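File shown: structure_17.pdb (PDB, C-alpha atoms).
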```pdb
MODEL        1
ATOM      1  CA  MET A   1       0.000   0.000   0.000
ATOM      2  CA  GLY A   2       1.264   3.491  -0.661
ATOM      3  CA  ALA A   3       0.472   7.070   0.056
ATOM      4  CA  GLY A   4       1.546  10.137  -1.850
ATOM      5  CA  HIS A   5       1.382  13.632  -0.423
ATOM      6  CA  GLY A   6       1.664  16.923  -2.246
ATOM      7  CA  HIS A   7       4.812  18.989  -2.366
ATOM      8  CA  ASP A   8       5.371  21.507   0.390
ATOM      9  CA  SER A   9       5.070  25.003  -1.040
ATOM     10  CA  PRO A  10       7.621  27.524   0.240
ATOM     11  CA  HIS A  11       4.704  29.986   0.496
ATOM     12  CA  ALA A  12       2.163  27.605   1.985
ATOM     13  CA  HIS A  13       0.004  30.426   3.327
ATOM     14  CA  ILE A  14      -0.584  32.044  -0.087
ATOM     15  CA  PRO A  15      -1.316  30.683  -3.573
ATOM     16  CA  ALA A  16       1.798  29.502  -5.435
ATOM     17  CA  HIS A  17       1.159  31.747  -8.454
ATOM     18  CA  ALA A  18       0.881  34.789  -6.184
ATOM     19  CA  ALA A  19       4.152  33.890  -4.456
ATOM     20  CA  HIS A  20       5.903  33.522  -7.826
ATOM     21  CA  ASP A  21       4.507  36.868  -9.033
ATOM     22  CA  GLY A  22       5.796  38.547  -5.872
ATOM     23  CA  ASP A  23       9.236  36.997  -6.290
ATOM     24  CA  ARG A  24       9.395  38.167  -9.904
ATOM     25  CA  ARG A  25       8.503  41.743  -8.937
ATOM     26  CA  TRP A  26      11.223  41.981  -6.282
ATOM     27  CA  LEU A  27      13.842  40.354  -8.485
ATOM     28  CA  GLY A  28      12.878  42.491 -11.472
ATOM     29  CA  GLY A  29      13.257  45.693  -9.460
ATOM     30  CA  ALA A  30      16.693  44.619  -8.245
ATOM     31  CA  LEU A  31      17.724  43.760 -11.823
ATOM     32  CA  VAL A  32      16.856  47.235 -13.147
ATOM     33  CA  LEU A  33      18.763  48.885 -10.302
ATOM     34  CA  ILE A  34      21.878  46.774 -10.792
ATOM     35  CA  VAL A  35      22.066  47.146 -14.582
ATOM     36  CA  ALA A  36      21.761  50.943 -14.376
ATOM     37  CA  PHE A  37      24.521  51.285 -11.811
ATOM     38  CA  MET A  38      26.766  48.729 -13.532
ATOM     39  CA  ALA A  39      26.891  50.831 -16.697
ATOM     40  CA  ALA A  40      27.904  53.918 -14.713
ATOM     41  CA  GLU A  41      30.523  51.973 -12.747
ATOM     42  CA  VAL A  42      32.267  50.724 -15.872
ATOM     43  CA  VAL A  43      32.699  54.306 -17.093
ATOM     44  CA  VAL A  44      34.051  55.511 -13.738
ATOM     45  CA  GLY A  45      36.324  52.475 -13.369
ATOM     46  CA  VAL A  46      37.957  53.134 -16.739
ATOM     47  CA  VAL A  47      38.419  56.833 -15.981
ATOM     48  CA  ALA A  48      39.797  56.159 -12.469
ATOM     49  CA  ARG A  49      41.900  53.175 -13.661
ATOM     50  CA  SER A  50      40.558  51.183 -10.713
ATOM     51  CA  LEU A  51      40.648  47.395 -10.967
ATOM     52  CA  ALA A  52      38.549  47.195  -7.808
ATOM     53  CA  LEU A  53      35.759  49.183  -9.485
ATOM     54  CA  LEU A  54      36.034  47.212 -12.721
ATOM     55  CA  SER A  55      36.002  43.936 -10.757
ATOM     56  CA  ASP A  56      32.891  45.138  -8.960
ATOM     57  CA  ALA A  57      31.329  45.971 -12.320
ATOM     58  CA  ALA A  58      32.222  42.516 -13.639
ATOM     59  CA  HIS A  59      30.695  40.997 -10.539
ATOM     60  CA  MET A  60      27.600  43.145 -11.029
ATOM     61  CA  LEU A  61      27.314  41.742 -14.546
ATOM     62  CA  THR A  62      27.136  38.291 -13.002
ATOM     63  CA  ASP A  63      24.642  39.699 -10.480
ATOM     64  CA  ALA A  64      22.426  40.846 -13.328
ATOM     65  CA  ALA A  65      22.834  37.518 -15.121
ATOM     66  CA  SER A  66      22.036  35.568 -11.957
ATOM     67  CA  ILE A  67      18.870  37.584 -11.333
ATOM     68  CA  ALA A  68      17.773  37.259 -14.961
ATOM     69  CA  LEU A  69      18.398  33.505 -14.727
ATOM     70  CA  ALA A  70      16.454  33.336 -11.463
ATOM     71  CA  LEU A  71      13.501  35.108 -13.096
ATOM     72  CA  TRP A  72      13.495  32.680 -16.014
ATOM     73  CA  VAL A  73      13.831  29.686 -13.707
ATOM     74  CA  ILE A  74      10.902  30.830 -11.533
ATOM     75  CA  ARG A  75       8.715  30.872 -14.620
ATOM     76  CA  LEU A  76      10.024  27.484 -15.787
ATOM     77  CA  ALA A  77       9.708  25.851 -12.347
ATOM     78  CA  ALA A  78       6.040  26.901 -12.178
ATOM     79  CA  ARG A  79       5.171  24.584 -15.066
ATOM     80  CA  PRO A  80       3.026  21.617 -14.029
ATOM     81  CA  ALA A  81       4.295  18.051 -13.940
ATOM     82  CA  THR A  82       3.509  16.488 -17.313
ATOM     83  CA  GLY A  83       4.813  13.728 -19.566
ATOM     84  CA  ARG A  84       8.231  12.478 -18.547
ATOM     85  CA  MET A  85       8.752  15.398 -16.143
ATOM     86  CA  THR A  86       6.883  13.712 -13.293
ATOM     87  CA  PHE A  87       8.292  16.151 -10.723
ATOM     88  CA  GLY A  88       7.737  19.091 -13.038
ATOM     89  CA  TRP A  89      10.607  21.527 -13.644
ATOM     90  CA  ARG A  90      11.291  22.423 -10.036
ATOM     91  CA  ARG A  91      14.817  21.013  -9.949
ATOM     92  CA  VAL A  92      15.894  23.466 -12.651
ATOM     93  CA  GLU A  93      16.204  25.892  -9.708
ATOM     94  CA  ILE A  94      19.172  23.840  -8.542
ATOM     95  CA  LEU A  95      20.780  24.067 -11.984
ATOM     96  CA  SER A  96      20.453  27.841 -11.693
ATOM     97  CA  ALA A  97      22.031  27.862  -8.235
ATOM     98  CA  GLN A  98      24.906  25.698  -9.429
ATOM     99  CA  ALA A  99      25.452  27.988 -12.426
ATOM    100  CA  ASN A 100      25.590  30.978 -10.066
ATOM    101  CA  GLY A 101      28.123  29.236  -7.852
ATOM    102  CA  VAL A 102      30.346  28.146 -10.730
ATOM    103  CA  THR A 103      30.224  31.662 -12.209
ATOM    104  CA  LEU A 104      31.464  33.145  -8.949
ATOM    105  CA  LEU A 105      34.326  30.638  -8.781
ATOM    106  CA  VAL A 106      35.394  31.143 -12.422
ATOM    107  CA  LEU A 107      35.252  34.932 -12.118
ATOM    108  CA  SER A 108      37.347  34.791  -8.953
ATOM    109  CA  VAL A 109      40.171  33.041 -10.846
ATOM    110  CA  GLY A 110      40.450  35.822 -13.439
ATOM    111  CA  LEU A 111      40.276  38.580 -10.825
ATOM    112  CA  THR A 112      42.929  36.870  -8.714
ATOM    113  CA  TYR A 113      45.325  36.805 -11.656
ATOM    114  CA  GLU A 114      44.762  40.492 -12.463
ATOM    115  CA  ALA A 115      45.021  41.528  -8.804
ATOM    116  CA  ILE A 116      48.369  39.753  -8.399
ATOM    117  CA  ARG A 117      49.631  41.400 -11.580
ATOM    118  CA  ARG A 118      48.679  44.808 -10.206
ATOM    119  CA  LEU A 119      50.278  44.048  -6.863
ATOM    120  CA  ILE A 120      53.555  43.545  -8.719
ATOM    121  CA  ALA A 121      53.194  46.645 -10.933
ATOM    122  CA  PRO A 122      50.438  48.869  -9.484
ATOM    123  CA  PRO A 123      48.997  51.578 -11.769
ATOM    124  CA  GLU A 124      47.958  54.945 -10.388
ATOM    125  CA  VAL A 125      44.402  54.965  -9.078
ATOM    126  CA  THR A 126      42.170  58.031  -8.703
ATOM    127  CA  GLY A 127      41.123  57.532  -5.090
ATOM    128  CA  GLY A 128      38.384  60.171  -4.971
ATOM    129  CA  LEU A 129      36.409  58.682  -7.844
ATOM    130  CA  VAL A 130      36.828  55.200  -6.375
ATOM    131  CA  VAL A 131      35.498  56.230  -2.968
ATOM    132  CA  ALA A 132      32.518  58.156  -4.339
ATOM    133  CA  THR A 133      31.500  55.368  -6.691
ATOM    134  CA  ALA A 134      31.999  52.671  -4.061
ATOM    135  CA  VAL A 135      29.851  54.495  -1.504
ATOM    136  CA  VAL A 136      27.024  54.960  -3.995
ATOM    137  CA  GLY A 137      27.414  51.335  -5.065
ATOM    138  CA  ALA A 138      27.225  50.110  -1.480
ATOM    139  CA  VAL A 139      23.959  51.991  -0.953
ATOM    140  CA  MET A 140      22.581  50.610  -4.210
ATOM    141  CA  ASN A 141      23.542  47.076  -3.241
ATOM    142  CA  VAL A 142      21.905  47.438   0.166
ATOM    143  CA  VAL A 143      18.654  48.320  -1.614
ATOM    144  CA  ALA A 144      19.043  45.500  -4.162
ATOM    145  CA  ALA A 145      19.874  42.956  -1.450
ATOM    146  CA  TRP A 146      16.826  44.065   0.532
ATOM    147  CA  MET A 147      14.598  43.687  -2.522
ATOM    148  CA  ILE A 148      15.860  40.167  -3.222
ATOM    149  CA  SER A 149      15.544  39.218   0.445
ATOM    150  CA  ARG A 150      11.834  39.969   0.143
ATOM    151  CA  ALA A 151      11.563  37.075  -2.322
ATOM    152  CA  ASN A 152      11.533  33.438  -1.214
ATOM    153  CA  ARG A 153      15.119  32.806  -0.089
ATOM    154  CA  SER A 154      14.330  29.211   0.871
ATOM    155  CA  SER A 155      14.697  28.642  -2.876
ATOM    156  CA  LEU A 156      18.350  27.930  -3.681
ATOM    157  CA  ASN A 157      17.714  29.688  -6.988
ATOM    158  CA  VAL A 158      16.817  32.985  -5.268
ATOM    159  CA  GLU A 159      19.538  32.452  -2.658
ATOM    160  CA  GLY A 160      22.103  32.229  -5.472
ATOM    161  CA  ALA A 161      21.082  35.649  -6.780
ATOM    162  CA  PHE A 162      21.070  37.035  -3.236
ATOM    163  CA  GLN A 163      24.609  35.759  -2.563
ATOM    164  CA  HIS A 164      25.816  37.453  -5.749
ATOM    165  CA  VAL A 165      24.452  40.824  -4.628
ATOM    166  CA  LEU A 166      25.562  40.410  -1.019
ATOM    167  CA  THR A 167      29.115  39.587  -2.100
ATOM    168  CA  ASP A 168      29.065  42.685  -4.305
ATOM    169  CA  LEU A 169      28.031  44.782  -1.301
ATOM    170  CA  TYR A 170      31.052  43.561   0.641
ATOM    171  CA  GLY A 171      33.169  44.302  -2.401
ATOM    172  CA  PHE A 172      32.016  47.914  -2.541
ATOM    173  CA  ILE A 173      32.856  48.349   1.126
ATOM    174  CA  ALA A 174      36.350  46.969   0.541
ATOM    175  CA  THR A 175      36.731  49.185  -2.535
ATOM    176  CA  ALA A 176      35.717  52.302  -0.601
ATOM    177  CA  VAL A 177      38.304  51.533   2.072
ATOM    178  CA  ALA A 178      40.941  51.012  -0.621
ATOM    179  CA  GLY A 179      40.054  54.363  -2.200
ATOM    180  CA  VAL A 180      40.477  56.147   1.129
ATOM    181  CA  VAL A 181      43.863  54.468   1.632
ATOM    182  CA  VAL A 182      44.986  55.584  -1.833
ATOM    183  CA  MET A 183      43.853  59.174  -1.155
ATOM    184  CA  VAL A 184      45.483  59.393   2.272
ATOM    185  CA  THR A 185      48.693  57.422   1.788
ATOM    186  CA  GLY A 186      49.190  57.073  -1.974
ATOM    187  CA  PHE A 187      49.458  53.304  -1.518
ATOM    188  CA  HIS A 188      48.023  52.199  -4.890
ATOM    189  CA  ARG A 189      48.374  48.504  -4.125
ATOM    190  CA  ALA A 190      45.412  48.896  -1.776
ATOM    191  CA  ASP A 191      43.160  48.681  -4.833
ATOM    192  CA  ALA A 192      44.484  45.213  -5.740
ATOM    193  CA  ILE A 193      44.315  44.091  -2.111
ATOM    194  CA  ALA A 194      40.656  45.113  -1.999
ATOM    195  CA  THR A 195      40.107  43.018  -5.124
ATOM    196  CA  LEU A 196      41.602  39.964  -3.398
ATOM    197  CA  ILE A 197      39.224  40.485  -0.467
ATOM    198  CA  VAL A 198      36.326  40.505  -2.902
ATOM    199  CA  VAL A 199      37.710  37.333  -4.488
ATOM    200  CA  ALA A 200      37.817  35.573  -1.108
ATOM    201  CA  LEU A 201      34.163  36.438  -0.524
ATOM    202  CA  MET A 202      33.240  35.270  -4.018
ATOM    203  CA  VAL A 203      34.958  31.913  -3.474
ATOM    204  CA  ARG A 204      33.166  31.425  -0.168
ATOM    205  CA  ALA A 205      29.728  32.194  -1.633
ATOM    206  CA  GLY A 206      30.345  30.235  -4.832
ATOM    207  CA  ALA A 207      31.623  27.134  -3.046
ATOM    208  CA  GLY A 208      28.605  27.191  -0.716
ATOM    209  CA  LEU A 209      26.164  27.315  -3.623
ATOM    210  CA  VAL A 210      27.937  24.542  -5.552
ATOM    211  CA  ARG A 211      28.126  22.344  -2.455
ATOM    212  CA  ALA A 212      24.409  22.791  -1.706
ATOM    213  CA  ALA A 213      23.470  22.070  -5.327
ATOM    214  CA  ILE A 214      25.616  18.927  -5.437
ATOM    215  CA  ARG A 215      23.932  17.606  -2.276
ATOM    216  CA  ILE A 216      20.551  17.888  -3.973
ATOM    217  CA  PHE A 217      21.747  16.382  -7.266
ATOM    218  CA  LEU A 218      23.227  13.427  -5.348
ATOM    219  CA  GLU A 219      19.862  13.120  -3.565
ATOM    220  CA  ALA A 220      21.445  13.375  -0.129
ATOM    221  CA  ALA A 221      19.153  13.974   2.823
ATOM    222  CA  PRO A 222      18.586  17.660   3.689
ATOM    223  CA  ALA A 223      21.166  19.034   6.097
ATOM    224  CA  ASP A 224      18.570  19.504   8.855
ATOM    225  CA  ILE A 225      17.128  15.964   8.634
ATOM    226  CA  ASP A 226      18.930  12.914  10.075
ATOM    227  CA  PRO A 227      17.690   9.767   8.250
ATOM    228  CA  ALA A 228      18.816   7.487  11.104
ATOM    229  CA  GLU A 229      16.821   9.540  13.606
ATOM    230  CA  VAL A 230      13.758   9.566  11.363
ATOM    231  CA  GLY A 231      13.981   5.807  10.789
ATOM    232  CA  ALA A 232      14.335   5.090  14.513
ATOM    233  CA  ALA A 233      11.349   7.311  15.294
ATOM    234  CA  MET A 234       9.232   5.648  12.574
ATOM    235  CA  VAL A 235       9.949   2.124  13.807
ATOM    236  CA  ALA A 236       9.079   3.240  17.342
ATOM    237  CA  CYS A 237       5.542   4.169  16.205
ATOM    238  CA  ASP A 238       2.732   1.934  17.448
ATOM    239  CA  GLY A 239       2.247  -1.126  15.243
ATOM    240  CA  VAL A 240       5.460  -0.753  13.208
ATOM    241  CA  VAL A 241       7.761  -3.780  13.172
ATOM    242  CA  GLU A 242      10.347  -2.688  10.609
ATOM    243  CA  VAL A 243      11.278   0.196   8.304
ATOM    244  CA  HIS A 244      13.580  -0.441   5.365
ATOM    245  CA  ASP A 245      14.341   0.998   1.943
ATOM    246  CA  LEU A 246      14.199   4.385   3.692
ATOM    247  CA  HIS A 247      15.198   7.235   1.379
ATOM    248  CA  ILE A 248      15.080  10.968   2.157
ATOM    249  CA  TRP A 249      16.059  13.554  -0.432
ATOM    250  CA  GLU A 250      15.105  16.987  -1.751
ATOM    251  CA  ILE A 251      13.154  17.456  -4.965
ATOM    252  CA  THR A 252      14.394  21.035  -4.903
ATOM    253  CA  SER A 253      15.521  23.334  -2.108
ATOM    254  CA  GLY A 254      12.980  23.399   0.707
ATOM    255  CA  SER A 255      10.987  20.439  -0.688
ATOM    256  CA  PRO A 256      12.044  17.271   1.167
ATOM    257  CA  ALA A 257      10.631  13.918   0.107
ATOM    258  CA  LEU A 258      10.655  10.470   1.697
ATOM    259  CA  SER A 259       9.944   6.931   0.613
ATOM    260  CA  ALA A 260      10.060   3.782   2.723
ATOM    261  CA  HIS A 261       8.805   0.213   3.024
ATOM    262  CA  ILE A 262       6.973  -0.325   6.319
ATOM    263  CA  LEU A 263       6.202  -3.695   7.923
ATOM    264  CA  VAL A 264       3.463  -3.681  10.568
ATOM    265  CA  ASP A 265       2.082  -6.177  13.058
ATOM    266  CA  PRO A 266      -0.100  -8.794  11.298
ATOM    267  CA  GLY A 267      -3.110  -7.831  13.408
ATOM    268  CA  ARG A 268      -2.888  -4.071  12.812
ATOM    269  CA  ASP A 269      -4.664  -1.921  10.231
ATOM    270  CA  CYS A 270      -2.096  -1.010   7.577
ATOM    271  CA  HIS A 271      -4.090   2.033   6.475
ATOM    272  CA  ALA A 272      -4.237   3.450   9.999
ATOM    273  CA  VAL A 273      -0.505   2.909  10.559
ATOM    274  CA  ARG A 274       0.326   4.572   7.249
ATOM    275  CA  GLU A 275      -1.859   7.576   8.026
ATOM    276  CA  ASN A 276      -0.267   7.983  11.471
ATOM    277  CA  LEU A 277       3.229   7.848  10.000
ATOM    278  CA  ALA A 278       2.375  10.318   7.221
ATOM    279  CA  ARG A 279       0.834  12.708   9.757
ATOM    280  CA  TRP A 280       3.893  12.486  12.009
ATOM    281  CA  LEU A 281       6.291  13.085   9.118
ATOM    282  CA  ALA A 282       4.355  16.178   8.046
ATOM    283  CA  THR A 283       3.950  17.719  11.502
ATOM    284  CA  ASP A 284       7.230  16.759  13.196
ATOM    285  CA  ARG A 285       9.680  16.652  10.272
ATOM    286  CA  ASP A 286       8.008  18.959   7.713
ATOM    287  CA  ILE A 287       8.060  16.167   5.121
ATOM    288  CA  ASP A 288       4.753  16.510   3.269
ATOM    289  CA  HIS A 289       5.777  14.453   0.256
ATOM    290  CA  ALA A 290       5.959  10.906   1.655
ATOM    291  CA  THR A 291       5.438   7.682  -0.270
ATOM    292  CA  LEU A 292       4.979   4.753   2.115
ATOM    293  CA  GLN A 293       4.600   1.129   1.051
ATOM    294  CA  VAL A 294       2.994  -0.686   3.977
ATOM    295  CA  ASP A 295       2.654  -4.473   4.367
ATOM    296  CA  HIS A 296       1.936  -6.912   7.173
ATOM    297  CA  ALA A 297       5.024  -8.543   8.652
ATOM    298  CA  ARG A 298       4.987 -12.326   8.314
ATOM    299  CA  PRO A 299       7.331 -14.254  10.627
ATOM    300  CA  ASP A 300       8.504 -16.518   7.815
ATOM    301  CA  LEU A 301       9.346 -13.584   5.547
ATOM    302  CA  ILE A 302      10.737 -11.022   7.979
ATOM    303  CA  GLU A 303      14.461 -11.643   7.549
ATOM    304  CA  LEU A 304      15.955  -9.363   4.909
ATOM    305  CA  GLY A 305      18.619 -10.608   2.572
ATOM    306  CA  ALA A 306      17.777 -14.257   3.231
ATOM    307  CA  GLY A 307      17.553 -15.027  -0.457
ATOM    308  CA  PRO A 308      14.389 -16.311  -2.147
ATOM    309  CA  GLY A 309      11.500 -16.261   0.273
ATOM    310  CA  ALA A 310      12.634 -13.163   2.160
ATOM    311  CA  HIS A 311      10.287 -10.191   2.206
ATOM    312  CA  CYS A 312      12.814  -8.141   0.280
ATOM    313  CA  GLU A 313      15.702 -10.012  -1.282
ATOM    314  CA  GLN A 314      17.955  -7.030  -0.676
ATOM    315  CA  ALA A 315      17.233  -3.822   1.195
ATOM    316  CA  HIS A 316      18.082  -0.725  -0.870
ATOM    317  CA  GLY A 317      18.590   1.519   2.103
ATOM    318  CA  PRO A 318      18.975   1.545   5.910
ATOM    319  CA  VAL A 319      17.032  -1.051   7.909
ATOM    320  CA  HIS A 320      15.371  -0.103  11.194
ATOM    321  CA  ARG A 321      13.846  -2.980  13.126
ATOM    322  CA  GLY A 322      11.541  -2.806  16.127
ATOM    323  CA  ARG A 323       9.633  -5.693  17.696
ATOM    324  CA  ASP A 324      10.591  -9.092  16.290
ATOM    325  CA  VAL A 325       7.362 -10.848  15.339
ATOM    326  CA  THR A 326       9.034 -14.221  15.790
ATOM    327  CA  SER A 327      10.300 -13.682  19.357
ATOM    328  CA  GLY A 328       8.293 -10.741  20.674
ATOM    329  CA  THR A 329      11.483  -8.868  21.615
ATOM    330  CA  ASP A 330      12.357  -5.285  20.679
ATOM    331  CA  HIS A 331      15.574  -4.492  18.871
ATOM    332  CA  HIS A 332      16.927  -2.100  16.225
ATOM    333  CA  ARG A 333      19.337  -2.733  13.404
ATOM    334  CA  HIS A 334      20.773   0.182  11.435
TER     335      HIS A 334
ENDMDL
END
```
Any chance you could give the structure as structure tokens?
Amino acid sequence: MGAGHGHDSPHAHIPAHAAHDGDRRWLGGALVLIVAFMAAEVVVGVVARSLALLSDAAHMLTDAASIALALWVIRLAARPATGRMTFGWRRVEILSAQANGVTLLVLSVGLTYEAIRRLIAPPEVTGGLVVATAVVGAVMNVVAAWMISRANRSSLNVEGAFQHVLTDLYGFIATAVAGVVVMVTGFHRADAIATLIVVALMVRAGAGLVRAAIRIFLEAAPADIDPAEVGAAMVACDGVVEVHDLHIWEITSGSPALSAHILVDPGRDCHAVRENLARWLATDRDIDHATLQVDHARPDLIELGAGPGAHCEQAHGPVHRGRDVTSGTDHHRH
């Protein structure tokens, strides 16, 4: 017997289409703001001969691309599940997040090379222009980051765009400090040092996004859910003898799913046990998408891996065992 439960919406209290429309409005506003300032920053960076400003502008280009990608992905992910796409297009959000992370890492390599070159032979930098532009850019990024934060950041897709903008904000702060140093001391290498600080932040954000995306692609359990703990709690439920073939993964960020094979006492109602387990998973573990195969445990078929005649010839996942129907004793095997 099985039970399927609908996906958990990240905006469960409002209709999904309304949530997506709201996300698109906030992201669209941030995109317009970033593109306008990026164009001005390129001009100032060339005039001031500031690598820090030009690196910020390059990063802002990736900001704009990441937001545009996030907007497209939101529209694509809203498509219903049809044909071969039985989960719909929701996991394309993870492709977007991974693309954002990889972009940050690739861009950091090029900026590192140029920063080191300028540390060796630093050009003159117009500190006043750098400071003024960086201060305005920091204010603009605060507004853009706030706008994106109003969207659904539980989506790794939106979080990728947010990390781009947040890293750019830190970069502007570092650039402003470098401009002040150049103005006060004439130490032009400060501009390249500020670039390396930005690079460090980019690597940190990019690696985090790639790591989170890989976890989902490998169908690992969400970071906040311990499969062993869930399995032990399930087998401790009234009437459950054994839980095996337990799998917990994420369809997309914020949408955990679970499947398991449940063996119950021969005299118990399988439907009632399944409903209790599904209710517990939804309320205590926030897993609304659970597929549970439930069968009565037969003493002659209970041993797993016993070859032909066993209930399951081989368990494809952790095994959690409660009361032994053959001896009446309680024990667990993980």
Seminar exercise, completed: Between CA of Thr195 in chain A and CA of Val32 in chain A lies a distance of 25.0 Å
For this session: Run the PyMOL selection byres ((chain A and resi 242) around 6) against the file shown and list the residues it catches, as a list of chain:residue names.
Result: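 Listing what the PyMOL selection byres ((chain A and resi 242) around 6) selects in the shown file: A:Val235, A:Val240, A:Val241, A:Val243, A:Ile262, A:Leu263, A:His320, A:Arg321, A:Gly322.
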Problem set entry | Target residues per the PyMOL selection byres ((chain A and resi 269) around 12), formatted as a list in words |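 After applying the PyMOL selection byres ((chain A and resi 269) around 12), what remains is Met1, Asp238, Gly239, Val240, Leu263, Val264, Asp265, Pro266, Gly267, Arg268, Cys270, His271, Ala272, Val273, Arg274, Glu275, Asn276, Val294, Asp295, His296 and Ala297 of chain A.
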For this session: Using all atoms listed in the file, find the one residue out of A:Val142, A:His261, A:Gly128, A:Leu111 that sits nearest to Val44 in chain A.
Result: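 Closest to Val44 in chain A, using all atoms listed in the file: A:Gly128.
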Problem set entry | Atom-to-atom span, CA of Arg298 in chain A and CA of Ile248 in chain A, Å |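 Separating CA of Arg298 in chain A from CA of Ile248 in chain A is a distance of 26.1 Å.
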For this session: Tell me which protein, DNA and RNA residues are within 12 Å of range 35-42 of chain A, counting all atoms listed in the file, leaving out same-chain ones fewer than 5 positions away, and put them as a PyMOL selection string.
Result: chain A and resi 28-30+47-68+129-141+144+168+172
Residue subset to file, keeping C-alpha atoms, as a compact mmCIF listing (two decimals), in the frame of the given file:
```txt
# COMPACT_ATOMS: atom_id res chain seq x y z
CA GLY A 28 12.88 42.49 -11.47
CA GLY A 29 13.26 45.69 -9.46
CA ALA A 30 16.69 44.62 -8.24
CA VAL A 47 38.42 56.83 -15.98
CA ALA A 48 39.80 56.16 -12.47
CA ARG A 49 41.90 53.18 -13.66
CA SER A 50 40.56 51.18 -10.71
CA LEU A 51 40.65 47.40 -10.97
CA ALA A 52 38.55 47.20 -7.81
CA LEU A 53 35.76 49.18 -9.48
CA LEU A 54 36.03 47.21 -12.72
CA SER A 55 36.00 43.94 -10.76
CA ASP A 56 32.89 45.14 -8.96
CA ALA A 57 31.33 45.97 -12.32
CA ALA A 58 32.22 42.52 -13.64
CA HIS A 59 30.70 41.00 -10.54
CA MET A 60 27.60 43.14 -11.03
CA LEU A 61 27.31 41.74 -14.55
CA THR A 62 27.14 38.29 -13.00
CA ASP A 63 24.64 39.70 -10.48
CA ALA A 64 22.43 40.85 -13.33
CA ALA A 65 22.83 37.52 -15.12
CA SER A 66 22.04 35.57 -11.96
CA ILE A 67 18.87 37.58 -11.33
CA ALA A 68 17.77 37.26 -14.96
CA LEU A 129 36.41 58.68 -7.84
CA VAL A 130 36.83 55.20 -6.38
CA VAL A 131 35.50 56.23 -2.97
CA ALA A 132 32.52 58.16 -4.34
CA THR A 133 31.50 55.37 -6.69
CA ALA A 134 32.00 52.67 -4.06
CA VAL A 135 29.85 54.50 -1.50
CA VAL A 136 27.02 54.96 -4.00
CA GLY A 137 27.41 51.34 -5.07
CA ALA A 138 27.22 50.11 -1.48
CA VAL A 139 23.96 51.99 -0.95
CA MET A 140 22.58 50.61 -4.21
CA ASN A 141 23.54 47.08 -3.24
CA ALA A 144 19.04 45.50 -4.16
CA ASP A 168 29.06 42.68 -4.30
CA PHE A 172 32.02 47.91 -2.54
```
Exercise. So what do you get for CA of Phe87 in chain A versus CA of Ala278 in chain A, distance-wise?
Worked result: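 Interatomic distance here is 19.8 Å.
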Problem set entry | Which residue of A:Thr167, A:Thr291, A:Ser255, A:Thr175 approaches Ser108 in chain A most closely, using only C-alpha atoms | A:Thr167
Exercise. Hey, what's within 10 Å of Arg118 in chain A if we count only C-alpha atoms and toss same-chain stuff fewer than 4 positions away? As a ChimeraX atom specification, please?
Worked result: /A:51,112-114,122-123,188-193
For the residues in the current selection, export C-alpha atoms as a short mmCIF file (atom, residue, chain, number, x, y, z; two decimals), in the coordinates of the input.
```cif
data_model
loop_
_atom_site.label_atom_id
_atom_site.label_comp_id
_atom_site.auth_asym_id
_atom_site.auth_seq_id
_atom_site.Cartn_x
_atom_site.Cartn_y
_atom_site.Cartn_z
CA LEU A 51 40.65 47.40 -10.97
CA THR A 112 42.93 36.87 -8.71
CA TYR A 113 45.32 36.80 -11.66
CA GLU A 114 44.76 40.49 -12.46
CA PRO A 122 50.44 48.87 -9.48
CA PRO A 123 49.00 51.58 -11.77
CA HIS A 188 48.02 52.20 -4.89
CA ARG A 189 48.37 48.50 -4.12
CA ALA A 190 45.41 48.90 -1.78
CA ASP A 191 43.16 48.68 -4.83
CA ALA A 192 44.48 45.21 -5.74
CA ILE A 193 44.32 44.09 -2.11
#
```
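Residue nearest Val102 in chain A within the list A:Ala207, A:Leu277, A:Ala70, A:Ile214: A:Ala207 [criterion: smallest interatomic distance, all atoms listed in the file].
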